[in-house]
Amino acid sequence: MNVNIVEAISQIAKERNVDRSALSEILETIFLTLIKRKYGTTDNFDVFVNIDNGAVEIYQMKTIVEKVTDPVTEISLEDAIEVEPDLELGDEYIEIVDPISFGRRLITTAKQTLNQKIREAEKEVLFDEFKDRIGEIIVGDIRQINREEVLISVENMEVSLPRSEQIYNERYHRGDTIRAVIKEVTKTNRGPEVIVSRTDPQFLVRLFEIEVPEIYDGIIEIKKVSRFPGDRAKVAVFSNDKRIDAVGACVGLKGVRIQAIVKELNNEKIDVINWSGEPEIYISRALSPAKPVNIQMNTEEMTATAIVGDDQISLAIGKGGQNRQLASRLTGYEITIISESDWMEGFSEEEKLYLTDIPELSGTIVEKLTASGFETAEEILEDDGKALLEVKGIGSKTVEKILAILNTYYEEESENDAE
């Protein structure tokens, strides 16, 4: 039996990543179980396992008595002194138990239990190992592909890449080498389940760390990442060294660094921008490649309106609204895009002074003016009131009066604005 145990432990030490102290505990537990089955108790037994040489020693403590009533816990003086002549009644006698005495059936059970316990220990070791590696990139070979997931062989472990964590426009083939980030590790009845992802923003962060040494070294920080996996992503970076251009370092000479990441992500387009603590500047950069002419902020409600040139409206919004959505996620502000012409039209509309809003003009005059097509003061002032002379029932003196009221009103408004 000991020879078999030595071989088993030797094989385990070579091939399986199970802690030696855990192995020792497993073996002790197994033999205590055998002892319990054979003798009905373990109270007067000790088991010692030497992992270094695989030896298992079992000791049974018995009390020396004149007449034995319980052979499990007692031994006669006559039998005891045959081994140790100096022993007396009442002394403790230690008997070495040969594992072979347990019988073939119990030994077979012990082997089966040993293998089962080792598998359980291996699973525990794997769980502890992988749970500490969440956020780390793994490299493995695709073993199986089905509708719900891709199974990847990694370091003698099978990990799962669920459909929800796959880049939608990628095609996987059995035997291909693949990279992904460890996203989640859970315990199941079958052992540890490791979920990996290629769509998680952390995957993109780790790829940047691999390709850009300045990020790995902490010189450049990735402040925020937002992605539409397989289509487009935005990455906000910041340099802790003013001498180093964060965006330039990430892109690399002739774009070699960023292209390596783009290729890994199935040609996902990546915008790298400089992070800023000023929300207005940050939002403006986040909308790249569009260049807003103005940003209207509401910091309390975390909303912003970006005014862009008419020729850049599609750039700012992006395909399917992706550019705007990515910028919103990146900055934390809900961004609305509006063209410069629409903004100016809306702005002008707000600034218009309607005749009905001027109390100094009598109702009769307002009715005559609106009946002739005049609605705002601007329409009258744009030609110094000459068009009013064509209005029936309004003479030159009335025109002068209307102009005086309108000009006075504008002067007062200007003074109020200045205050």
# chains A, B, ... in the order shown; residues from 1 in each chain; ligands from 1
$ residues_around --residues "A:Asp241" --least-positions-apart "2" --cutoff "8 Å" --atoms "only C-alpha atoms" --output "VMD selection string"
chain A and resid 219 to 220 239 243 to 244
$ residues_around --residues "stretch 139-148 of chain A" --least-positions-apart "5" --cutoff "12 Å" --atoms "only C-alpha atoms" --output "JSON, numbers by chain"
{"A": [153, 154, 155, 156, 157, 158, 159, 160, 161, 162, 163, 164, 165, 166, 171, 172, 173, 174, 175, 176, 177, 178, 179, 180, 181, 182, 196, 197, 198]}
$ write_last_selection --atoms "C-alpha atoms" --output "mmCIF file, in the first residue's frame"
data_model
loop_
_atom_site.group_PDB
_atom_site.id
_atom_site.type_symbol
_atom_site.label_atom_id
_atom_site.label_comp_id
_atom_site.auth_asym_id
_atom_site.auth_seq_id
_atom_site.Cartn_x
_atom_site.Cartn_y
_atom_site.Cartn_z
ATOM 1 C CA SER A 153 -7.978 25.672 -23.281
ATOM 2 C CA VAL A 154 -5.738 27.710 -20.983
ATOM 3 C CA GLU A 155 -3.036 26.222 -18.736
ATOM 4 C CA ASN A 156 -4.807 22.854 -18.317
ATOM 5 C CA MET A 157 -8.041 24.736 -17.611
ATOM 6 C CA GLU A 158 -11.080 25.188 -19.822
ATOM 7 C CA VAL A 159 -12.458 28.730 -19.821
ATOM 8 C CA SER A 160 -15.605 30.091 -21.423
ATOM 9 C CA LEU A 161 -16.017 32.977 -23.850
ATOM 10 C CA PRO A 162 -19.839 33.462 -23.863
ATOM 11 C CA ARG A 163 -21.596 34.901 -26.886
ATOM 12 C CA SER A 164 -22.288 38.122 -24.943
ATOM 13 C CA GLU A 165 -18.527 38.607 -24.473
ATOM 14 C CA GLN A 166 -17.620 37.962 -28.119
ATOM 15 C CA ARG A 171 -15.337 34.460 -36.624
ATOM 16 C CA TYR A 172 -13.670 31.807 -34.490
ATOM 17 C CA HIS A 173 -12.083 28.550 -35.610
ATOM 18 C CA ARG A 174 -11.142 25.479 -33.619
ATOM 19 C CA GLY A 175 -7.402 25.337 -32.931
ATOM 20 C CA ASP A 176 -6.905 29.110 -33.291
ATOM 21 C CA THR A 177 -4.959 30.955 -30.615
ATOM 22 C CA ILE A 178 -7.034 33.666 -28.935
ATOM 23 C CA ARG A 179 -6.568 36.376 -26.326
ATOM 24 C CA ALA A 180 -9.183 37.565 -23.835
ATOM 25 C CA VAL A 181 -9.407 39.143 -20.410
ATOM 26 C CA ILE A 182 -10.519 37.194 -17.329
ATOM 27 C CA VAL A 196 -13.358 35.585 -20.278
ATOM 28 C CA SER A 197 -14.246 38.542 -22.476
ATOM 29 C CA ARG A 198 -13.126 40.323 -25.631
#
$ residues_around --residues "A:Asp132" --least-positions-apart "5" --cutoff "12 Å" --atoms "only C-alpha atoms" --output "PyMOL selection string"
chain A and resi 125-127+182-186+194
$ select_by_dssp --residues "stretch 107-188 of chain A" --states "alpha helix (DSSP H)" --output "MDAnalysis selection string"
chainID A and resid 107:131
$ closest_residue --among "A:Glu193, A:Glu340, A:Glu400, A:Glu25" --to "A:Asp128" --atoms "only C-alpha atoms"
A:Glu193
$ select_by_dssp --residues "stretch 213-347 of chain A" --states "strand (DSSP E)" --output "VMD selection string"
chain A and resid 220 to 228 232 to 239 269 to 274 294 to 298 303 to 308 334 to 339
$ write_last_selection --atoms "N, CA and C atoms" --output "tab-separated table (two decimals), in the first residue's frame"
chain	number	residue	atom	x	y	z
A	220	ILE	N	1.90	57.19	-18.26
A	220	ILE	CA	0.65	57.59	-18.90
A	220	ILE	C	-0.49	56.81	-18.25
A	221	GLU	N	-1.57	57.50	-17.93
A	221	GLU	CA	-2.75	56.87	-17.33
A	221	GLU	C	-3.89	56.79	-18.33
A	222	ILE	N	-4.60	55.68	-18.30
A	222	ILE	CA	-5.86	55.59	-19.05
A	222	ILE	C	-6.96	56.00	-18.08
A	223	LYS	N	-7.56	57.15	-18.33
A	223	LYS	CA	-8.57	57.69	-17.42
A	223	LYS	C	-9.94	57.04	-17.63
A	224	LYS	N	-10.30	56.77	-18.89
A	224	LYS	CA	-11.64	56.22	-19.16
A	224	LYS	C	-11.64	55.57	-20.53
A	225	VAL	N	-12.44	54.53	-20.67
A	225	VAL	CA	-12.59	53.84	-21.94
A	225	VAL	C	-14.08	53.63	-22.21
A	226	SER	N	-14.50	53.85	-23.45
A	226	SER	CA	-15.86	53.49	-23.84
A	226	SER	C	-15.76	52.79	-25.20
A	227	ARG	N	-16.61	51.76	-25.36
A	227	ARG	CA	-16.49	50.92	-26.57
A	227	ARG	C	-17.83	50.54	-27.16
A	228	PHE	N	-17.86	50.42	-28.48
A	228	PHE	CA	-18.83	49.63	-29.21
A	228	PHE	C	-17.98	48.52	-29.83
A	232	ARG	N	-16.12	50.71	-32.76
A	232	ARG	CA	-15.41	51.93	-32.41
A	232	ARG	C	-15.21	52.03	-30.90
A	233	ALA	N	-14.14	52.73	-30.53
A	233	ALA	CA	-13.84	52.94	-29.11
A	233	ALA	C	-13.19	54.29	-28.93
A	234	LYS	N	-13.31	54.83	-27.73
A	234	LYS	CA	-12.63	56.07	-27.36
A	234	LYS	C	-11.87	55.82	-26.06
A	235	VAL	N	-10.65	56.33	-26.03
A	235	VAL	CA	-9.79	56.15	-24.86
A	235	VAL	C	-9.24	57.52	-24.45
A	236	ALA	N	-9.50	57.90	-23.19
A	236	ALA	CA	-8.99	59.18	-22.67
A	236	ALA	C	-7.72	58.90	-21.87
A	237	VAL	N	-6.64	59.56	-22.24
A	237	VAL	CA	-5.34	59.31	-21.59
A	237	VAL	C	-4.77	60.61	-21.02
A	238	PHE	N	-3.88	60.44	-20.04
A	238	PHE	CA	-3.27	61.60	-19.39
A	238	PHE	C	-1.81	61.28	-19.08
A	239	SER	N	-0.92	62.23	-19.37
A	239	SER	CA	0.50	62.03	-19.12
A	239	SER	C	0.92	62.67	-17.80
A	269	LYS	N	-12.16	50.71	-34.72
A	269	LYS	CA	-11.55	52.04	-34.80
A	269	LYS	C	-11.41	52.63	-33.40
A	270	ILE	N	-10.22	53.15	-33.09
A	270	ILE	CA	-9.95	53.65	-31.75
A	270	ILE	C	-9.52	55.11	-31.79
A	271	ASP	N	-10.27	55.97	-31.11
A	271	ASP	CA	-9.90	57.38	-30.96
A	271	ASP	C	-9.22	57.56	-29.61
A	272	VAL	N	-7.99	58.05	-29.63
A	272	VAL	CA	-7.26	58.33	-28.39
A	272	VAL	C	-7.25	59.84	-28.19
A	273	ILE	N	-7.73	60.30	-27.03
A	273	ILE	CA	-7.79	61.75	-26.78
A	273	ILE	C	-7.11	62.07	-25.45
A	274	ASN	N	-6.71	63.32	-25.32
A	274	ASN	CA	-6.13	63.78	-24.06
A	274	ASN	C	-7.25	64.10	-23.07
A	294	ASN	N	-18.60	75.48	-30.12
A	294	ASN	CA	-19.02	75.96	-28.80
A	294	ASN	C	-19.64	74.79	-28.02
A	295	ILE	N	-19.48	74.84	-26.70
A	295	ILE	CA	-20.08	73.84	-25.82
A	295	ILE	C	-20.90	74.57	-24.75
A	296	GLN	N	-22.18	74.27	-24.68
A	296	GLN	CA	-23.06	74.84	-23.66
A	296	GLN	C	-23.24	73.79	-22.55
A	297	MET	N	-22.85	74.14	-21.31
A	297	MET	CA	-22.82	73.18	-20.21
A	297	MET	C	-23.95	73.39	-19.20
A	298	ASN	N	-24.40	72.27	-18.63
A	298	ASN	CA	-25.26	72.32	-17.45
A	298	ASN	C	-24.66	71.29	-16.48
A	303	THR	N	-25.47	67.67	-18.35
A	303	THR	CA	-25.83	67.68	-19.77
A	303	THR	C	-25.01	68.73	-20.49
A	304	ALA	N	-24.87	68.55	-21.79
A	304	ALA	CA	-24.11	69.52	-22.59
A	304	ALA	C	-24.66	69.54	-24.00
A	305	THR	N	-24.61	70.74	-24.61
A	305	THR	CA	-24.99	70.90	-26.01
A	305	THR	C	-23.75	71.30	-26.78
A	306	ALA	N	-23.42	70.50	-27.78
A	306	ALA	CA	-22.24	70.78	-28.60
A	306	ALA	C	-22.68	71.37	-29.92
A	307	ILE	N	-22.22	72.60	-30.20
A	307	ILE	CA	-22.55	73.26	-31.46
A	307	ILE	C	-21.41	73.01	-32.42
A	308	VAL	N	-21.73	72.39	-33.56
A	308	VAL	CA	-20.70	72.07	-34.55
A	308	VAL	C	-21.06	72.68	-35.89
A	334	GLU	N	-24.50	63.82	-20.73
A	334	GLU	CA	-25.41	63.51	-21.82
A	334	GLU	C	-25.28	64.64	-22.85
A	335	ILE	N	-24.72	64.30	-24.01
A	335	ILE	CA	-24.38	65.32	-25.00
A	335	ILE	C	-25.43	65.37	-26.10
A	336	THR	N	-25.88	66.60	-26.41
A	336	THR	CA	-26.76	66.84	-27.54
A	336	THR	C	-25.97	67.55	-28.63
A	337	ILE	N	-26.11	67.09	-29.86
A	337	ILE	CA	-25.39	67.69	-30.99
A	337	ILE	C	-26.35	68.57	-31.77
A	338	ILE	N	-25.91	69.79	-32.10
A	338	ILE	CA	-26.74	70.70	-32.90
A	338	ILE	C	-25.84	71.44	-33.87
A	339	SER	N	-26.33	71.64	-35.09
A	339	SER	CA	-25.53	72.33	-36.10
A	339	SER	C	-25.49	73.82	-35.79
$ closest_atom_pairs --of "stretch 113-162 of chain A" --to "stretch 203-209 of chain A" --cutoff "10 Å" --atoms "only C-alpha atoms" --output "CSV"
residue,atom,partner,partner_atom,distance
A:Gly135,CA,A:Phe203,CA,7.6
A:Glu136,CA,A:Arg206,CA,7.4
A:Ile137,CA,A:Arg206,CA,6.9
$ residues_around --residues "A:Leu369" --least-positions-apart "6" --cutoff "12 Å" --atoms "only C-alpha atoms" --output "MDAnalysis selection string"
chainID A and resid 354:356 361:363 375:377 379:380 385 387:394 398:399 402
$ closest_residue --among "A:Leu151, A:Ile317, A:Ile118, A:Ile64" --to "A:Leu77" --atoms "only C-alpha atoms"
A:Ile64
$ residues_around --residues "stretch 78-94 of chain A" --least-positions-apart "6" --cutoff "6 Å" --atoms "only C-alpha atoms" --output "PyMOL selection string"
chain A and resi 60-65
$ write_last_selection --atoms "N, CA and C atoms" --output "compact mmCIF listing (two decimals), in the first residue's frame"
# COMPACT_ATOMS: atom_id res chain seq x y z
N GLN A 60 -1.57 2.77 16.80
CA GLN A 60 -2.75 2.47 17.61
C GLN A 60 -2.31 2.40 19.08
N MET A 61 -2.86 3.27 19.91
CA MET A 61 -2.52 3.31 21.34
C MET A 61 -3.45 2.38 22.13
N LYS A 62 -2.81 1.46 22.88
CA LYS A 62 -3.59 0.51 23.69
C LYS A 62 -3.12 0.56 25.15
N THR A 63 -4.02 0.28 26.04
CA THR A 63 -3.69 0.21 27.47
C THR A 63 -3.43 -1.25 27.85
N ILE A 64 -2.34 -1.49 28.62
CA ILE A 64 -1.99 -2.85 29.04
C ILE A 64 -2.88 -3.27 30.23
N VAL A 65 -3.59 -4.37 30.01
CA VAL A 65 -4.51 -4.86 31.06
C VAL A 65 -4.25 -6.35 31.31
$ residues_around --residues "stretch 281-292 of chain A" --least-positions-apart "2" --cutoff "6 Å" --atoms "only C-alpha atoms" --output "PyMOL selection string"
chain A and resi 276+278-279+294+307-308+312+315-316+327
$ decode --residues "stretch 44-101 of chain A" --atoms "C-alpha atoms" --output "PDB file, in the first residue's frame"
ATOM      1  CA  ASN A  44      -6.770   6.025  19.962  1.00  0.00           C
ATOM      2  CA  PHE A  45      -5.177   6.212  16.502  1.00  0.00           C
ATOM      3  CA  ASP A  46      -2.641   8.601  15.009  1.00  0.00           C
ATOM      4  CA  VAL A  47      -1.811   8.901  11.305  1.00  0.00           C
ATOM      5  CA  PHE A  48       1.437  10.456  10.065  1.00  0.00           C
ATOM      6  CA  VAL A  49       2.044  11.163   6.387  1.00  0.00           C
ATOM      7  CA  ASN A  50       5.512  11.998   5.098  1.00  0.00           C
ATOM      8  CA  ILE A  51       5.008  13.798   1.758  1.00  0.00           C
ATOM      9  CA  ASP A  52       8.744  13.745   0.987  1.00  0.00           C
ATOM     10  CA  ASN A  53       8.993   9.952   0.804  1.00  0.00           C
ATOM     11  CA  GLY A  54       5.308   9.046   0.577  1.00  0.00           C
ATOM     12  CA  ALA A  55       5.387   6.938   3.741  1.00  0.00           C
ATOM     13  CA  VAL A  56       2.228   6.503   5.788  1.00  0.00           C
ATOM     14  CA  GLU A  57       2.511   5.433   9.417  1.00  0.00           C
ATOM     15  CA  ILE A  58      -0.480   4.439  11.541  1.00  0.00           C
ATOM     16  CA  TYR A  59      -0.169   4.108  15.317  1.00  0.00           C
ATOM     17  CA  GLN A  60      -2.749   2.473  17.614  1.00  0.00           C
ATOM     18  CA  MET A  61      -2.517   3.314  21.341  1.00  0.00           C
ATOM     19  CA  LYS A  62      -3.592   0.511  23.692  1.00  0.00           C
ATOM     20  CA  THR A  63      -3.686   0.210  27.474  1.00  0.00           C
ATOM     21  CA  ILE A  64      -1.993  -2.854  29.035  1.00  0.00           C
ATOM     22  CA  VAL A  65      -4.512  -4.859  31.058  1.00  0.00           C
ATOM     23  CA  GLU A  66      -4.628  -8.246  32.761  1.00  0.00           C
ATOM     24  CA  LYS A  67      -7.721  -9.347  30.851  1.00  0.00           C
ATOM     25  CA  VAL A  68      -8.657  -7.813  27.471  1.00  0.00           C
ATOM     26  CA  THR A  69     -12.303  -6.838  27.073  1.00  0.00           C
ATOM     27  CA  ASP A  70     -11.821  -4.404  24.146  1.00  0.00           C
ATOM     28  CA  PRO A  71      -9.099  -5.462  21.679  1.00  0.00           C
ATOM     29  CA  VAL A  72      -9.279  -2.076  19.938  1.00  0.00           C
ATOM     30  CA  THR A  73      -8.130  -0.143  23.006  1.00  0.00           C
ATOM     31  CA  GLU A  74      -6.529  -2.857  25.201  1.00  0.00           C
ATOM     32  CA  ILE A  75      -3.707  -5.414  25.070  1.00  0.00           C
ATOM     33  CA  SER A  76      -2.769  -8.127  27.521  1.00  0.00           C
ATOM     34  CA  LEU A  77       0.404  -7.857  29.556  1.00  0.00           C
ATOM     35  CA  GLU A  78       1.552 -11.180  28.137  1.00  0.00           C
ATOM     36  CA  ASP A  79       1.323  -9.964  24.543  1.00  0.00           C
ATOM     37  CA  ALA A  80       2.841  -6.591  25.348  1.00  0.00           C
ATOM     38  CA  ILE A  81       5.965  -7.878  27.079  1.00  0.00           C
ATOM     39  CA  GLU A  82       6.712 -10.101  24.110  1.00  0.00           C
ATOM     40  CA  VAL A  83       7.533  -6.890  22.253  1.00  0.00           C
ATOM     41  CA  GLU A  84       8.747  -4.731  25.132  1.00  0.00           C
ATOM     42  CA  PRO A  85       9.704  -6.756  28.260  1.00  0.00           C
ATOM     43  CA  ASP A  86       9.887  -3.666  30.523  1.00  0.00           C
ATOM     44  CA  LEU A  87       6.201  -2.798  30.205  1.00  0.00           C
ATOM     45  CA  GLU A  88       3.778  -3.185  33.131  1.00  0.00           C
ATOM     46  CA  LEU A  89       0.047  -3.222  33.770  1.00  0.00           C
ATOM     47  CA  GLY A  90      -1.556   0.194  33.107  1.00  0.00           C
ATOM     48  CA  ASP A  91       1.198   1.326  30.736  1.00  0.00           C
ATOM     49  CA  GLU A  92       0.402   2.594  27.253  1.00  0.00           C
ATOM     50  CA  TYR A  93       1.382   0.337  24.407  1.00  0.00           C
ATOM     51  CA  ILE A  94       1.843   1.676  20.864  1.00  0.00           C
ATOM     52  CA  GLU A  95       1.116  -0.760  18.063  1.00  0.00           C
ATOM     53  CA  ILE A  96       2.051  -0.049  14.436  1.00  0.00           C
ATOM     54  CA  VAL A  97      -0.804  -0.836  12.067  1.00  0.00           C
ATOM     55  CA  ASP A  98       0.100  -2.172   8.629  1.00  0.00           C
ATOM     56  CA  PRO A  99      -2.157  -0.523   5.958  1.00  0.00           C
ATOM     57  CA  ILE A 100      -2.377  -3.889   4.214  1.00  0.00           C
ATOM     58  CA  SER A 101      -4.422  -5.125   7.165  1.00  0.00           C
TER      59      SER A 101
END
